[in-house]
Structure formats: C-alpha cells, structure tokens
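One file, model.csv, is given below (CSV, C-alpha atoms and all ligand atoms).
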```csv
chain,number,residue,atom,x,y,z
J,3,MET,CA,194.5,61.1,89.8
J,4,GLN,CA,192.6,62.3,92.9
J,5,GLY,CA,191.1,65.7,93.3
J,6,ILE,CA,190.1,68.2,90.7
J,7,TRP,CA,192.5,68.8,87.8
J,8,PHE,CA,192.4,71.4,85.0
J,9,SER,CA,193.9,70.3,81.7
J,10,GLU,CA,194.8,72.8,79.0
J,11,LEU,CA,194.8,71.1,75.6
J,12,GLN,CA,198.0,72.8,74.4
J,13,THR,CA,198.1,71.0,71.0
J,14,PRO,CA,195.8,68.3,69.6
J,15,GLY,CA,198.0,65.7,71.2
J,16,LEU,CA,199.4,67.4,74.3
J,17,ALA,CA,197.7,68.5,77.6
J,18,LEU,CA,199.2,70.3,80.6
J,19,SER,CA,197.3,69.4,83.8
J,20,VAL,CA,197.4,71.2,87.1
J,21,LYS,CA,195.7,70.2,90.3
J,22,LEU,CA,193.2,72.7,91.5
J,23,LYS,CA,192.5,73.8,95.1
J,24,LYS,CA,189.5,75.9,94.0
J,25,THR,CA,188.0,78.2,91.4
J,26,LEU,CA,188.1,81.8,92.6
J,27,HIS,CA,186.2,83.4,89.8
J,28,HIS,CA,184.6,82.6,86.5
J,29,GLU,CA,182.8,84.9,84.0
J,30,LYS,CA,182.1,85.4,80.3
J,31,THR,CA,183.5,88.9,79.3
J,32,PRO,CA,182.4,90.5,76.1
J,33,TYR,CA,185.6,89.1,74.6
J,34,GLN,CA,186.4,85.8,76.2
J,35,ASP,CA,185.8,83.2,78.9
J,36,LEU,CA,187.8,84.3,82.0
J,37,ALA,CA,188.7,82.2,85.1
J,38,VAL,CA,191.0,82.6,88.0
J,39,VAL,CA,191.9,79.4,89.8
J,40,GLU,CA,194.0,78.4,92.7
J,41,THR,CA,196.4,75.6,91.8
J,42,GLU,CA,198.5,73.4,94.1
J,43,SER,CA,201.8,73.9,92.3
J,44,TYR,CA,201.8,77.4,90.7
J,45,GLY,CA,199.5,79.3,93.0
J,46,ARG,CA,196.8,81.5,91.3
J,47,MET,CA,196.4,81.1,87.6
J,48,LEU,CA,194.6,83.3,85.0
J,49,LEU,CA,192.8,81.4,82.2
J,50,LEU,CA,191.3,83.0,79.1
J,51,ASP,CA,189.2,80.6,76.9
J,52,ASN,CA,190.7,77.7,78.9
J,53,ILE,CA,194.3,78.8,78.0
J,54,ILE,CA,196.8,79.5,80.7
J,55,GLN,CA,197.8,83.2,80.5
J,56,THR,CA,199.9,83.5,83.6
J,57,THR,CA,200.5,82.0,87.1
J,58,VAL,CA,201.8,83.6,90.2
J,59,GLY,CA,204.4,80.8,90.4
J,60,ASP,CA,206.0,81.1,87.0
J,61,GLU,CA,205.0,84.5,85.6
J,62,PHE,CA,208.4,86.1,86.3
J,63,PHE,CA,210.2,84.1,83.5
J,64,TYR,CA,207.9,85.6,80.8
J,65,HIS,CA,207.3,89.1,82.2
J,66,GLU,CA,211.0,89.8,82.9
J,67,MET,CA,212.1,88.5,79.5
J,68,ILE,CA,209.5,90.3,77.4
J,69,ALA,CA,210.2,93.6,79.3
J,70,HIS,CA,213.8,93.9,80.2
J,71,VAL,CA,215.3,92.7,76.9
J,72,PRO,CA,213.9,95.7,74.9
J,73,LEU,CA,214.1,98.2,77.7
J,74,ASN,CA,217.8,97.5,78.3
J,75,THR,CA,218.5,97.5,74.6
J,76,HIS,CA,217.2,101.0,74.4
J,77,PRO,CA,219.8,103.3,76.1
J,78,ASN,CA,217.1,105.7,77.5
J,79,PRO,CA,213.6,104.4,77.2
J,80,ARG,CA,211.1,107.1,78.4
J,81,THR,CA,207.8,106.0,76.8
J,82,ALA,CA,206.6,102.4,76.6
J,83,LEU,CA,203.4,100.9,75.2
J,84,VAL,CA,202.1,97.5,76.2
J,85,ILE,CA,199.4,95.9,74.0
J,86,GLY,CA,197.4,93.2,75.8
J,87,GLY,CA,199.1,92.4,79.1
J,88,GLY,CA,196.0,93.2,81.2
J,89,ASP,CA,197.3,91.1,84.1
J,90,GLY,CA,199.8,93.9,84.7
J,91,GLY,CA,203.0,91.8,84.8
J,92,VAL,CA,204.8,93.6,82.0
J,93,ILE,CA,203.9,97.0,83.4
J,94,ARG,CA,205.3,95.9,86.8
J,95,GLU,CA,208.6,95.2,85.1
J,96,ILE,CA,208.6,98.3,82.9
J,97,ILE,CA,208.3,100.7,85.9
J,98,LYS,CA,211.4,99.2,87.5
J,99,HIS,CA,213.3,101.2,84.8
J,100,PRO,CA,214.1,104.7,86.3
J,101,SER,CA,214.1,106.3,82.8
J,102,ILE,CA,210.5,105.5,82.2
J,103,GLU,CA,208.3,108.6,82.3
J,104,LYS,CA,205.1,107.1,80.9
J,105,ALA,CA,203.9,103.5,80.4
J,106,THR,CA,200.7,103.0,78.4
J,107,LEU,CA,198.7,99.8,78.7
J,108,VAL,CA,196.2,99.2,75.8
J,109,GLU,CA,194.1,96.2,76.8
J,110,ILE,CA,191.0,95.3,74.8
J,111,ASP,CA,189.2,93.6,77.8
J,112,ALA,CA,188.6,95.7,80.9
J,113,ARG,CA,187.5,92.6,82.8
J,114,VAL,CA,191.1,91.2,82.6
J,115,VAL,CA,192.5,94.2,84.4
J,116,ALA,CA,189.6,94.2,87.0
J,117,ASN,CA,190.2,90.6,87.8
J,118,ALA,CA,193.9,90.9,87.9
J,119,ARG,CA,193.6,93.8,90.4
J,120,GLU,CA,191.3,91.7,92.6
J,121,TYR,CA,192.9,88.2,92.4
J,122,LEU,CA,196.5,88.7,91.2
J,123,PRO,CA,197.9,91.6,93.3
J,124,GLU,CA,201.5,90.3,93.0
J,125,ILE,CA,201.3,90.7,89.2
J,126,SER,CA,199.0,93.7,88.9
J,127,CYS,CA,200.7,95.8,91.6
J,128,GLY,CA,202.3,98.2,89.2
J,129,LEU,CA,199.1,99.3,87.5
J,130,ASP,CA,198.5,102.1,90.1
J,131,ASP,CA,201.9,103.7,89.5
J,132,ALA,CA,201.5,107.4,88.6
J,133,ARG,CA,203.4,106.9,85.3
J,134,VAL,CA,200.9,104.3,84.1
J,135,GLU,CA,198.0,105.1,81.8
J,136,ILE,CA,195.4,102.3,81.1
J,137,ARG,CA,193.3,102.4,77.9
J,138,PHE,CA,190.6,99.9,77.1
J,139,GLU,CA,191.0,99.8,73.3
J,140,ASP,CA,192.0,97.5,70.5
J,141,GLY,CA,195.8,97.6,70.3
J,142,ILE,CA,195.6,97.2,66.5
J,143,GLU,CA,193.6,100.5,66.2
J,144,HIS,CA,195.8,102.2,68.8
J,145,VAL,CA,199.0,101.8,66.8
J,146,ARG,CA,197.2,102.7,63.6
J,147,GLN,CA,196.5,106.1,65.0
J,148,MET,CA,200.0,106.7,66.6
J,149,GLU,CA,203.0,108.2,65.0
J,150,ASN,CA,206.5,108.8,66.4
J,151,THR,CA,205.2,108.3,69.9
J,152,TYR,CA,206.9,105.4,71.8
J,153,ASP,CA,210.5,104.4,72.5
J,154,VAL,CA,209.5,100.7,73.2
J,155,ILE,CA,206.4,98.8,72.2
J,156,ILE,CA,205.7,95.4,73.8
J,157,VAL,CA,203.0,93.1,72.5
J,158,ASP,CA,201.9,90.8,75.3
J,159,SER,CA,199.0,89.2,73.6
J,160,THR,CA,196.9,86.1,73.7
J,161,ASP,CA,197.6,83.4,71.0
J,162,PRO,CA,196.8,84.4,67.4
J,163,ILE,CA,193.1,83.7,67.6
J,164,GLY,CA,190.1,86.0,68.1
J,165,PRO,CA,190.9,89.7,68.7
J,166,ALA,CA,194.7,89.0,68.8
J,167,VAL,CA,194.9,87.7,65.1
J,168,GLY,CA,195.7,91.1,63.7
J,169,LEU,CA,198.5,91.6,66.3
J,170,PHE,CA,200.5,89.0,64.3
J,171,SER,CA,200.2,90.6,60.8
J,172,ALA,CA,202.7,92.4,58.6
J,173,GLU,CA,200.3,95.4,58.4
J,174,PHE,CA,200.3,95.7,62.2
J,175,TYR,CA,204.1,95.6,62.3
J,176,ARG,CA,204.3,98.4,59.7
J,177,ASN,CA,202.0,100.5,62.0
J,178,VAL,CA,204.2,99.6,65.0
J,179,TYR,CA,207.2,100.9,63.0
J,180,ARG,CA,205.4,104.2,62.4
J,181,ALA,CA,204.2,104.5,66.1
J,182,LEU,CA,207.8,104.1,67.3
J,183,LYS,CA,210.2,107.0,67.6
J,184,PRO,CA,213.1,107.1,65.1
J,185,ASP,CA,215.3,105.0,67.3
J,186,GLY,CA,212.5,102.9,68.8
J,187,LEU,CA,212.1,99.1,69.1
J,188,PHE,CA,209.4,96.5,69.5
J,189,VAL,CA,209.0,93.0,71.0
J,190,ALA,CA,206.2,90.5,70.7
J,191,GLN,CA,205.6,87.1,72.2
J,192,THR,CA,205.6,84.8,69.2
J,193,GLU,CA,204.6,81.4,70.5
J,194,SER,CA,206.4,78.0,70.8
J,195,PRO,CA,209.4,77.1,68.6
J,196,LEU,CA,208.4,73.4,69.0
J,197,PHE,CA,204.8,73.9,67.8
J,198,ASN,CA,204.6,77.2,65.9
J,199,GLY,CA,207.7,77.2,63.7
J,200,ARG,CA,205.9,78.4,60.5
J,201,LEU,CA,204.4,81.3,62.4
J,202,ILE,CA,207.8,82.3,63.8
J,203,ARG,CA,209.5,82.1,60.4
J,204,ARG,CA,206.8,84.3,58.8
J,205,ILE,CA,207.0,86.9,61.6
J,206,GLN,CA,210.8,87.0,61.4
J,207,ARG,CA,210.6,87.5,57.6
J,208,ASP,CA,208.0,90.3,58.0
J,209,LEU,CA,210.1,92.0,60.6
J,210,ALA,CA,213.3,91.8,58.5
J,211,GLU,CA,211.5,93.6,55.7
J,212,ILE,CA,210.3,96.4,58.0
J,213,PHE,CA,213.0,96.9,60.6
J,214,PRO,CA,216.8,97.2,60.0
J,215,ILE,CA,217.4,94.8,62.9
J,216,ALA,CA,215.1,91.8,63.4
J,217,ARG,CA,216.0,89.1,65.9
J,218,LEU,CA,214.5,86.1,67.7
J,219,TYR,CA,215.2,85.2,71.4
J,220,LEU,CA,214.0,82.4,73.6
J,221,ALA,CA,213.1,81.9,77.2
J,222,THR,CA,211.8,79.1,79.4
J,223,VAL,CA,208.1,79.5,80.4
J,224,PRO,CA,207.1,76.4,82.3
J,225,THR,CA,203.4,76.6,81.8
J,226,TYR,CA,203.4,77.4,78.0
J,227,PRO,CA,203.3,74.7,75.4
J,228,GLY,CA,206.7,73.0,75.1
J,229,GLY,CA,208.1,75.0,78.0
J,230,LEU,CA,210.3,77.1,75.6
J,231,TRP,CA,208.9,80.4,74.3
J,232,SER,CA,209.9,82.8,71.5
J,233,PHE,CA,210.0,86.5,71.4
J,234,SER,CA,210.5,88.5,68.1
J,235,LEU,CA,212.2,91.9,68.2
J,236,GLY,CA,212.3,94.6,65.6
J,237,SER,CA,214.5,97.6,66.1
J,238,LYS,CA,215.2,100.8,64.2
J,239,GLU,CA,218.6,101.4,65.6
J,240,TYR,CA,219.7,99.6,68.7
J,241,ASP,CA,221.0,96.0,68.6
J,242,PRO,CA,220.0,93.9,71.6
J,243,LEU,CA,223.4,92.1,71.3
J,244,GLU,CA,225.3,95.4,71.8
J,245,VAL,CA,224.0,96.7,75.0
J,246,ASP,CA,226.4,99.0,77.0
J,247,TRP,CA,225.9,97.1,80.3
J,248,LYS,CA,227.8,99.7,82.3
J,249,LYS,CA,224.9,102.1,81.7
J,250,ALA,CA,222.1,99.6,82.2
J,251,PRO,CA,220.0,100.1,85.4
J,252,GLN,CA,220.5,97.7,88.3
J,253,LEU,CA,217.3,95.7,88.4
J,254,VAL,CA,215.9,93.4,91.0
J,255,THR,CA,214.8,90.3,89.0
J,256,ARG,CA,214.3,86.6,89.5
J,257,PHE,CA,215.2,85.3,86.0
J,258,TYR,CA,216.6,88.1,83.9
J,259,THR,CA,220.3,89.0,84.1
J,260,PRO,CA,222.6,90.6,81.5
J,261,ALA,CA,224.1,87.2,80.8
J,262,ILE,CA,220.7,85.6,80.3
J,263,HIS,CA,219.8,88.6,78.0
J,264,GLN,CA,222.8,87.8,75.8
J,265,GLY,CA,222.3,84.0,75.9
J,266,ALA,CA,218.7,84.2,75.0
J,267,PHE,CA,219.7,85.2,71.4
J,268,ALA,CA,221.9,82.1,71.0
J,269,LEU,CA,219.5,79.9,69.0
J,270,PRO,CA,219.7,76.1,69.1
J,271,PRO,CA,220.2,74.5,65.7
J,272,PHE,CA,216.6,73.3,65.5
J,273,VAL,CA,215.4,76.9,65.9
J,274,GLN,CA,217.9,78.3,63.4
J,275,GLU,CA,216.6,75.6,60.9
J,276,ILE,CA,213.1,77.0,61.4
J,277,LEU,CA,214.3,80.5,60.4
J,278,ASP,CA,216.5,79.3,57.5
J,279,LYS,CA,214.0,77.0,55.9
J,280,ARG,CA,212.7,78.1,52.5
V,301,LIG,N1,201.3,86.3,78.6
V,301,LIG,C1,200.2,85.8,78.0
V,301,LIG,C2,200.5,84.8,76.9
V,301,LIG,O1,201.6,84.9,76.3
V,301,LIG,O2,199.7,83.9,76.6
V,301,LIG,C3,199.3,86.9,77.6
V,301,LIG,C4,198.6,87.5,78.8
V,301,LIG,S1,197.7,88.9,78.6
V,301,LIG,C5,196.4,88.5,79.7
V,301,LIG,C6,196.9,88.8,77.0
V,301,LIG,C7,195.9,89.9,76.8
V,301,LIG,O3,195.8,90.3,75.4
V,301,LIG,C8,194.4,89.5,77.1
V,301,LIG,O4,194.0,90.1,78.3
V,301,LIG,C9,193.6,89.9,75.9
V,301,LIG,O5,192.3,90.5,76.3
V,301,LIG,C10,194.5,90.9,75.3
V,301,LIG,N2,194.3,91.2,73.9
V,301,LIG,C11,194.0,90.3,72.9
V,301,LIG,N3,193.8,90.9,71.7
V,301,LIG,C12,194.0,92.3,71.9
V,301,LIG,C13,194.0,93.4,71.1
V,301,LIG,N4,193.7,93.3,69.8
V,301,LIG,N5,194.2,94.6,71.7
V,301,LIG,C14,194.5,94.7,73.0
V,301,LIG,N6,194.5,93.7,73.8
V,301,LIG,C15,194.3,92.4,73.3
```
Can you present the structure in this file as structure tokens?
Ligand code: SAM
Amino acid sequence: MQGIWFSELQTPGLALSVKLKKTLHHEKTPYQDLAVVETESYGRMLLLDNIIQTTVGDEFFYHEMIAHVPLNTHPNPRTALVIGGGDGGVIREIIKHPSIEKATLVEIDARVVANAREYLPEISCGLDDARVEIRFEDGIEHVRQMENTYDVIIVDSTDPIGPAVGLFSAEFYRNVYRALKPDGLFVAQTESPLFNGRLIRRIQRDLAEIFPIARLYLATVPTYPGGLWSFSLGSKEYDPLEVDWKKAPQLVTRFYTPAIHQGAFALPPFVQEILDKR
C-alpha cells in the first residue's frame, strides 16, 4: 500500500485501515490521546487513544440513530442530557426537535469539545445553540446528583475502558433512572453485536431489572468494529415500537426515517440468541 495509512486495531485479529492525507492535530489531554486526521475516504476523523470516534463521512448513521430514536419515542421531549458526545454530533441532532427547550452536554474532556469546534465544524455546529449548556464533568457523578430532571438521557461514550467504564454499570443505570422524569427514557451506545455479545446481554438484563421497557436496536456504522452497532434503550413509560408518527416532527436526516426506526428493533437471529443465552 502506498501513502500513509492509519490502522485501528478493532479486535486482536481485526484492523480497519484508512489512507491519510494529513494529521491536523495531535495532543495528550488529561484524559486521553487525541488526534484529528484528514482521511481520503471519510474526510476528517477524530481519534481518541487511537480508536475512531467519528468521521465527517459516516457520522450521520450513528448520531441520527442514537438521538432520534429516543427523542421520537418521547411524545414531548423538552430536556435532554448527553453524556460524552464532546464532538457535538448528538447535540446537533437533538436541537432539530422543536420541543427541546434545553440540551445539556456533560463531557469529561474539554479538549474534545475545543478540537471538535476547531476541526469538525460540520459535527460541532449545534454547540452554540442558545438551548445548549456544556458542562465539563464526569457524567457518572452528574447523574448521581440529579433527580427527576431529564426527559431523555443519551450516553454517547467511548468504549468501556478508562473514564467510561462506570457508564456501563448497573449502578449507573439506576442513577439514570432516578435522574429521569417519571416518563423519561434513556439510550446508550452498547458496542458491537459481533464482538461484544456478553456485554450487550449483561446490559440488557440490567436494564430489564431497572426499567419497565428495555430494548435493543441496531444500526450500521461503517467505521465501527463489524460495521453493525447496538444501542440499548430503557424507558419508564413510552415504547419505541408504539410511536404516534402523525405527531412526530418532520426532520431533515440522511439515515434515520420512521421506517428505519421501526426496523432497527427487528433483531437478526444471531443477535436474539445473544440476548436469550443463559
Ligand atoms: N460515538 C463515539 C463512539 O461510539 O465511539 C463516542 C464519541 S464521544 C467523542 C465519546 C466521549 O465520551 C469522549 O469525548 C470522552 O471524553 C467522553 N467520556 C468518556 N467517559 C466519560 C465520562 N465518564 N463522563 C463524561 N464523558 C465521558
């Protein structure tokens, strides 16, 4: 292969390689190694600890699916919390919903937001919206302190390593439940069904013990391991499969549609087996 390539080691036996045009920025933040690179196929790409977080070319699959599924499930979401998500992509999607009065971003690493503002304007462009509040705090602590506050909570975290480990725990989900309003709901990115089946099963079981409605849905994310990604949803009242679409807002999107929302909950047999396994 000619030119300079970046390879993310996605599993011990699998790497995803992208051809680089140049490195735009590289630093060690107090929390992680951060780089923004220009790639030939996906445009600009954010890397944290050499793991692909988002790219300008494929970010819409993930950001639309993690945001619009919960926001359209809630009939009138006014307050939303994003934990992680310092690139701003989830916030950009949240503020498309006219009912949103306040969107709070709780990101542990201020350098992620600063670099997203500088190098990824297509993704971070919603962060200056008047309804958005940005707090540089640990999301685990934040939800511990909140009660009856949010209609929707979205966890857009890094993988379950380092500061994100606690975002995948049952204790955190119980605190999320308390931080939600009586009819609130929550979604988290929960990794690859191909490579993280045990984690997904454990999370779904934790959520089923805490929330009356616990569901898994899937979406394609080309740059994530395996290309198929999972999202776990816990809801106090509203079922994502019973949305009143006549009342849902008209959104300008590139991947998400009401039909894709419904279809994302249709689990292939190999994923259902992961959930059913004892
Ligand atoms: N979409 C990406 C993915 O699925 O791999 C995640 C992107 S977003 C940049 C992830 C963010 O979570 C990072 O900026 C990281 O600093 C933040 N993060 C990790 N642990 C956190 C915590 N405990 N509280 C708040 N933010 C956290």
Give me the residues within 10 Å of Asp241 in chain J as a ChimeraX atom specification, counting all atoms listed in the file and dropping any in the same chain fewer than 6 places off. /J:72,75-76,187,214-217,235
Between CA of Leu36 in chain J and CA of Asp51 in chain J, what distance in Å does the model show, to one decimal?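 It comes out at 6.5 Å.
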Selected residue, from J:Arg207, J:His65, J:Arg180, J:His70, that lies nearest to ligand LIG 301 (chain V) when counting only C-alpha atoms and all ligand atoms: J:His65
Taking all atoms listed in the file into account, name the residue in J:Thr259, J:Gln252, J:Ser101, J:Asn117 that is nearest to ligand LIG 301 (chain V).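 Going through J:Thr259, J:Gln252, J:Ser101, J:Asn117 one by one, the smallest distance to ligand LIG 301 (chain V) is for J:Asn117.
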Residues of chain J that have any atom at most 8 Å from an atom of ligand LIG 301 (chain V): could you tabulate them with the shortest-distance atom pair and the distance in Å to one decimal, using all atoms listed in the file, ordered by chain and increasing number, as JSON lines?
```
{"residue": "J:Tyr33", "atom": "CA", "partner": "V:LIG301", "partner_atom": "O5", "distance": 7.1}
{"residue": "J:Gln34", "atom": "CA", "partner": "V:LIG301", "partner_atom": "O5", "distance": 7.5}
{"residue": "J:Leu48", "atom": "CA", "partner": "V:LIG301", "partner_atom": "C5", "distance": 7.6}
{"residue": "J:Leu50", "atom": "CA", "partner": "V:LIG301", "partner_atom": "C8", "distance": 7.5}
{"residue": "J:Ile53", "atom": "CA", "partner": "V:LIG301", "partner_atom": "O2", "distance": 7.6}
{"residue": "J:Ile54", "atom": "CA", "partner": "V:LIG301", "partner_atom": "O2", "distance": 6.7}
{"residue": "J:Gln55", "atom": "CA", "partner": "V:LIG301", "partner_atom": "C1", "distance": 4.3}
{"residue": "J:Thr56", "atom": "CA", "partner": "V:LIG301", "partner_atom": "N1", "distance": 5.9}
{"residue": "J:Tyr64", "atom": "CA", "partner": "V:LIG301", "partner_atom": "N1", "distance": 7.0}
{"residue": "J:His65", "atom": "CA", "partner": "V:LIG301", "partner_atom": "N1", "distance": 7.5}
{"residue": "J:Ile85", "atom": "CA", "partner": "V:LIG301", "partner_atom": "C14", "distance": 5.1}
{"residue": "J:Gly86", "atom": "CA", "partner": "V:LIG301", "partner_atom": "O3", "distance": 3.3}
{"residue": "J:Gly87", "atom": "CA", "partner": "V:LIG301", "partner_atom": "S1", "distance": 3.8}
{"residue": "J:Gly88", "atom": "CA", "partner": "V:LIG301", "partner_atom": "O4", "distance": 4.7}
{"residue": "J:Asp89", "atom": "CA", "partner": "V:LIG301", "partner_atom": "C5", "distance": 5.2}
{"residue": "J:Val108", "atom": "CA", "partner": "V:LIG301", "partner_atom": "C14", "distance": 5.6}
{"residue": "J:Glu109", "atom": "CA", "partner": "V:LIG301", "partner_atom": "N6", "distance": 3.9}
{"residue": "J:Ile110", "atom": "CA", "partner": "V:LIG301", "partner_atom": "N6", "distance": 4.0}
{"residue": "J:Asp111", "atom": "CA", "partner": "V:LIG301", "partner_atom": "O5", "distance": 4.6}
{"residue": "J:Ala112", "atom": "CA", "partner": "V:LIG301", "partner_atom": "O5", "distance": 7.9}
{"residue": "J:Val114", "atom": "CA", "partner": "V:LIG301", "partner_atom": "O4", "distance": 5.3}
{"residue": "J:Val115", "atom": "CA", "partner": "V:LIG301", "partner_atom": "O4", "distance": 7.5}
{"residue": "J:Phe138", "atom": "CA", "partner": "V:LIG301", "partner_atom": "C14", "distance": 7.7}
{"residue": "J:Glu139", "atom": "CA", "partner": "V:LIG301", "partner_atom": "C14", "distance": 6.2}
{"residue": "J:Asp140", "atom": "CA", "partner": "V:LIG301", "partner_atom": "N5", "distance": 3.8}
{"residue": "J:Gly141", "atom": "CA", "partner": "V:LIG301", "partner_atom": "N5", "distance": 3.7}
{"residue": "J:Ile142", "atom": "CA", "partner": "V:LIG301", "partner_atom": "N4", "distance": 5.5}
{"residue": "J:Asp158", "atom": "CA", "partner": "V:LIG301", "partner_atom": "C3", "distance": 5.2}
{"residue": "J:Ser159", "atom": "CA", "partner": "V:LIG301", "partner_atom": "O3", "distance": 3.8}
{"residue": "J:Thr160", "atom": "CA", "partner": "V:LIG301", "partner_atom": "C6", "distance": 4.3}
{"residue": "J:Asp161", "atom": "CA", "partner": "V:LIG301", "partner_atom": "O2", "distance": 6.0}
{"residue": "J:Gly164", "atom": "CA", "partner": "V:LIG301", "partner_atom": "N3", "distance": 7.1}
{"residue": "J:Pro165", "atom": "CA", "partner": "V:LIG301", "partner_atom": "N3", "distance": 4.3}
{"residue": "J:Ala166", "atom": "CA", "partner": "V:LIG301", "partner_atom": "N3", "distance": 3.6}
{"residue": "J:Val167", "atom": "CA", "partner": "V:LIG301", "partner_atom": "N4", "distance": 7.4}
{"residue": "J:Gly168", "atom": "CA", "partner": "V:LIG301", "partner_atom": "N4", "distance": 6.8}
{"residue": "J:Leu169", "atom": "CA", "partner": "V:LIG301", "partner_atom": "N4", "distance": 6.2}
{"residue": "J:Gln191", "atom": "CA", "partner": "V:LIG301", "partner_atom": "O1", "distance": 6.1}
{"residue": "J:Glu193", "atom": "CA", "partner": "V:LIG301", "partner_atom": "O1", "distance": 7.4}
{"residue": "J:Tyr226", "atom": "CA", "partner": "V:LIG301", "partner_atom": "O2", "distance": 7.6}
```
File of the preceding selection, C-alpha atoms, as a JSON list (two decimals), keeping the file's coordinate frame:
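Below is the file that was written, result22.json:
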```
[["chain", "number", "residue", "atom", "x", "y", "z"],
["J", 33, "TYR", "CA", 185.60, 89.10, 74.60],
["J", 34, "GLN", "CA", 186.40, 85.80, 76.20],
["J", 48, "LEU", "CA", 194.60, 83.30, 85.00],
["J", 50, "LEU", "CA", 191.30, 83.00, 79.10],
["J", 53, "ILE", "CA", 194.30, 78.80, 78.00],
["J", 54, "ILE", "CA", 196.80, 79.50, 80.70],
["J", 55, "GLN", "CA", 197.80, 83.20, 80.50],
["J", 56, "THR", "CA", 199.90, 83.50, 83.60],
["J", 64, "TYR", "CA", 207.90, 85.60, 80.80],
["J", 65, "HIS", "CA", 207.30, 89.10, 82.20],
["J", 85, "ILE", "CA", 199.40, 95.90, 74.00],
["J", 86, "GLY", "CA", 197.40, 93.20, 75.80],
["J", 87, "GLY", "CA", 199.10, 92.40, 79.10],
["J", 88, "GLY", "CA", 196.00, 93.20, 81.20],
["J", 89, "ASP", "CA", 197.30, 91.10, 84.10],
["J", 108, "VAL", "CA", 196.20, 99.20, 75.80],
["J", 109, "GLU", "CA", 194.10, 96.20, 76.80],
["J", 110, "ILE", "CA", 191.00, 95.30, 74.80],
["J", 111, "ASP", "CA", 189.20, 93.60, 77.80],
["J", 112, "ALA", "CA", 188.60, 95.70, 80.90],
["J", 114, "VAL", "CA", 191.10, 91.20, 82.60],
["J", 115, "VAL", "CA", 192.50, 94.20, 84.40],
["J", 138, "PHE", "CA", 190.60, 99.90, 77.10],
["J", 139, "GLU", "CA", 191.00, 99.80, 73.30],
["J", 140, "ASP", "CA", 192.00, 97.50, 70.50],
["J", 141, "GLY", "CA", 195.80, 97.60, 70.30],
["J", 142, "ILE", "CA", 195.60, 97.20, 66.50],
["J", 158, "ASP", "CA", 201.90, 90.80, 75.30],
["J", 159, "SER", "CA", 199.00, 89.20, 73.60],
["J", 160, "THR", "CA", 196.90, 86.10, 73.70],
["J", 161, "ASP", "CA", 197.60, 83.40, 71.00],
["J", 164, "GLY", "CA", 190.10, 86.00, 68.10],
["J", 165, "PRO", "CA", 190.90, 89.70, 68.70],
["J", 166, "ALA", "CA", 194.70, 89.00, 68.80],
["J", 167, "VAL", "CA", 194.90, 87.70, 65.10],
["J", 168, "GLY", "CA", 195.70, 91.10, 63.70],
["J", 169, "LEU", "CA", 198.50, 91.60, 66.30],
["J", 191, "GLN", "CA", 205.60, 87.10, 72.20],
["J", 193, "GLU", "CA", 204.60, 81.40, 70.50],
["J", 226, "TYR", "CA", 203.40, 77.40, 78.00]]
```
Atomic distance CA of Lys30 in chain J - CA of Glu10 in chain J, expressed in Å with one decimal: 17.9 Å
Can you pull out every residue within 12 Å of Ala268 in chain J, counting all atoms listed in the file, but drop anything in the same chain fewer than 5 positions away, and send it as a list in words? Arg217, Leu218, Tyr219, Leu220, Ala221, Pro242, Leu243, Ala261, Ile262, His263, Val273 and Gln274 of chain J
Pick out the residues sitting within 10 Å of Asp153 in chain J, and hand them over as JSON, numbers by chain; count all atoms listed in the file, and ignore anything fewer than 5 positions along from it in its own chain. {"J": [72, 73, 76, 78, 79, 80, 81, 82, 83, 102, 181, 182, 183, 184, 185, 186, 187, 188]}
Would you export the selected residues with C-alpha atoms as a PDB file, in the frame of the given file, please?
```
ATOM      1  CA  PRO J  72     213.900  95.700  74.900  1.00  0.00           C
ATOM      2  CA  LEU J  73     214.100  98.200  77.700  1.00  0.00           C
ATOM      3  CA  HIS J  76     217.200 101.000  74.400  1.00  0.00           C
ATOM      4  CA  ASN J  78     217.100 105.700  77.500  1.00  0.00           C
ATOM      5  CA  PRO J  79     213.600 104.400  77.200  1.00  0.00           C
ATOM      6  CA  ARG J  80     211.100 107.100  78.400  1.00  0.00           C
ATOM      7  CA  THR J  81     207.800 106.000  76.800  1.00  0.00           C
ATOM      8  CA  ALA J  82     206.600 102.400  76.600  1.00  0.00           C
ATOM      9  CA  LEU J  83     203.400 100.900  75.200  1.00  0.00           C
ATOM     10  CA  ILE J 102     210.500 105.500  82.200  1.00  0.00           C
ATOM     11  CA  ALA J 181     204.200 104.500  66.100  1.00  0.00           C
ATOM     12  CA  LEU J 182     207.800 104.100  67.300  1.00  0.00           C
ATOM     13  CA  LYS J 183     210.200 107.000  67.600  1.00  0.00           C
ATOM     14  CA  PRO J 184     213.100 107.100  65.100  1.00  0.00           C
ATOM     15  CA  ASP J 185     215.300 105.000  67.300  1.00  0.00           C
ATOM     16  CA  GLY J 186     212.500 102.900  68.800  1.00  0.00           C
ATOM     17  CA  LEU J 187     212.100  99.100  69.100  1.00  0.00           C
ATOM     18  CA  PHE J 188     209.400  96.500  69.500  1.00  0.00           C
TER      19      PHE J 188
END
```
Which is closer to Glu29 in chain J than all the others in J:Leu11, J:Leu196, J:Ala116, J:Ile6, using only C-alpha atoms?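 Closest to Glu29 in chain J of all the choices is J:Ala116.
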Set the distance at 8 Å and use only C-alpha atoms: which residues neighbour range 173-175 of chain J once local chain neighbours fewer than 2 positions away are removed? I'd like the list as JSON, numbers by chain. {"J": [142, 145, 146, 168, 169, 170, 171, 177, 178, 179, 208, 209, 212]}
Would you mind exporting the chosen residues as a CSV table (one decimal), keeping the file's coordinate frame, restricted to C-alpha atoms?
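Result file is again_15.csv:
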```csv
chain,number,residue,atom,x,y,z
J,142,ILE,CA,195.6,97.2,66.5
J,145,VAL,CA,199.0,101.8,66.8
J,146,ARG,CA,197.2,102.7,63.6
J,168,GLY,CA,195.7,91.1,63.7
J,169,LEU,CA,198.5,91.6,66.3
J,170,PHE,CA,200.5,89.0,64.3
J,171,SER,CA,200.2,90.6,60.8
J,177,ASN,CA,202.0,100.5,62.0
J,178,VAL,CA,204.2,99.6,65.0
J,179,TYR,CA,207.2,100.9,63.0
J,208,ASP,CA,208.0,90.3,58.0
J,209,LEU,CA,210.1,92.0,60.6
J,212,ILE,CA,210.3,96.4,58.0
```
What's the 8 Å shell around Val92 in chain J, counting all atoms listed in the file, without same-chain residues fewer than 2 positions away, as a PyMOL selection string? chain J and resi 65-66+68-69+84+87+90+94-96+158
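Picture a line from CA of Gln12 in chain J to CA of Asn198 in chain J; it runs 11.6 Å.
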Which polymer residues, whether protein, DNA or RNA, lie within 8 Å of the coordinate (194.4, 80.5, 88.5) when you count only C-alpha atoms? List them as number ranges by chain, using the chain letters and numbers from the file. J: 25-26, 37-41, 45-49, 56-57
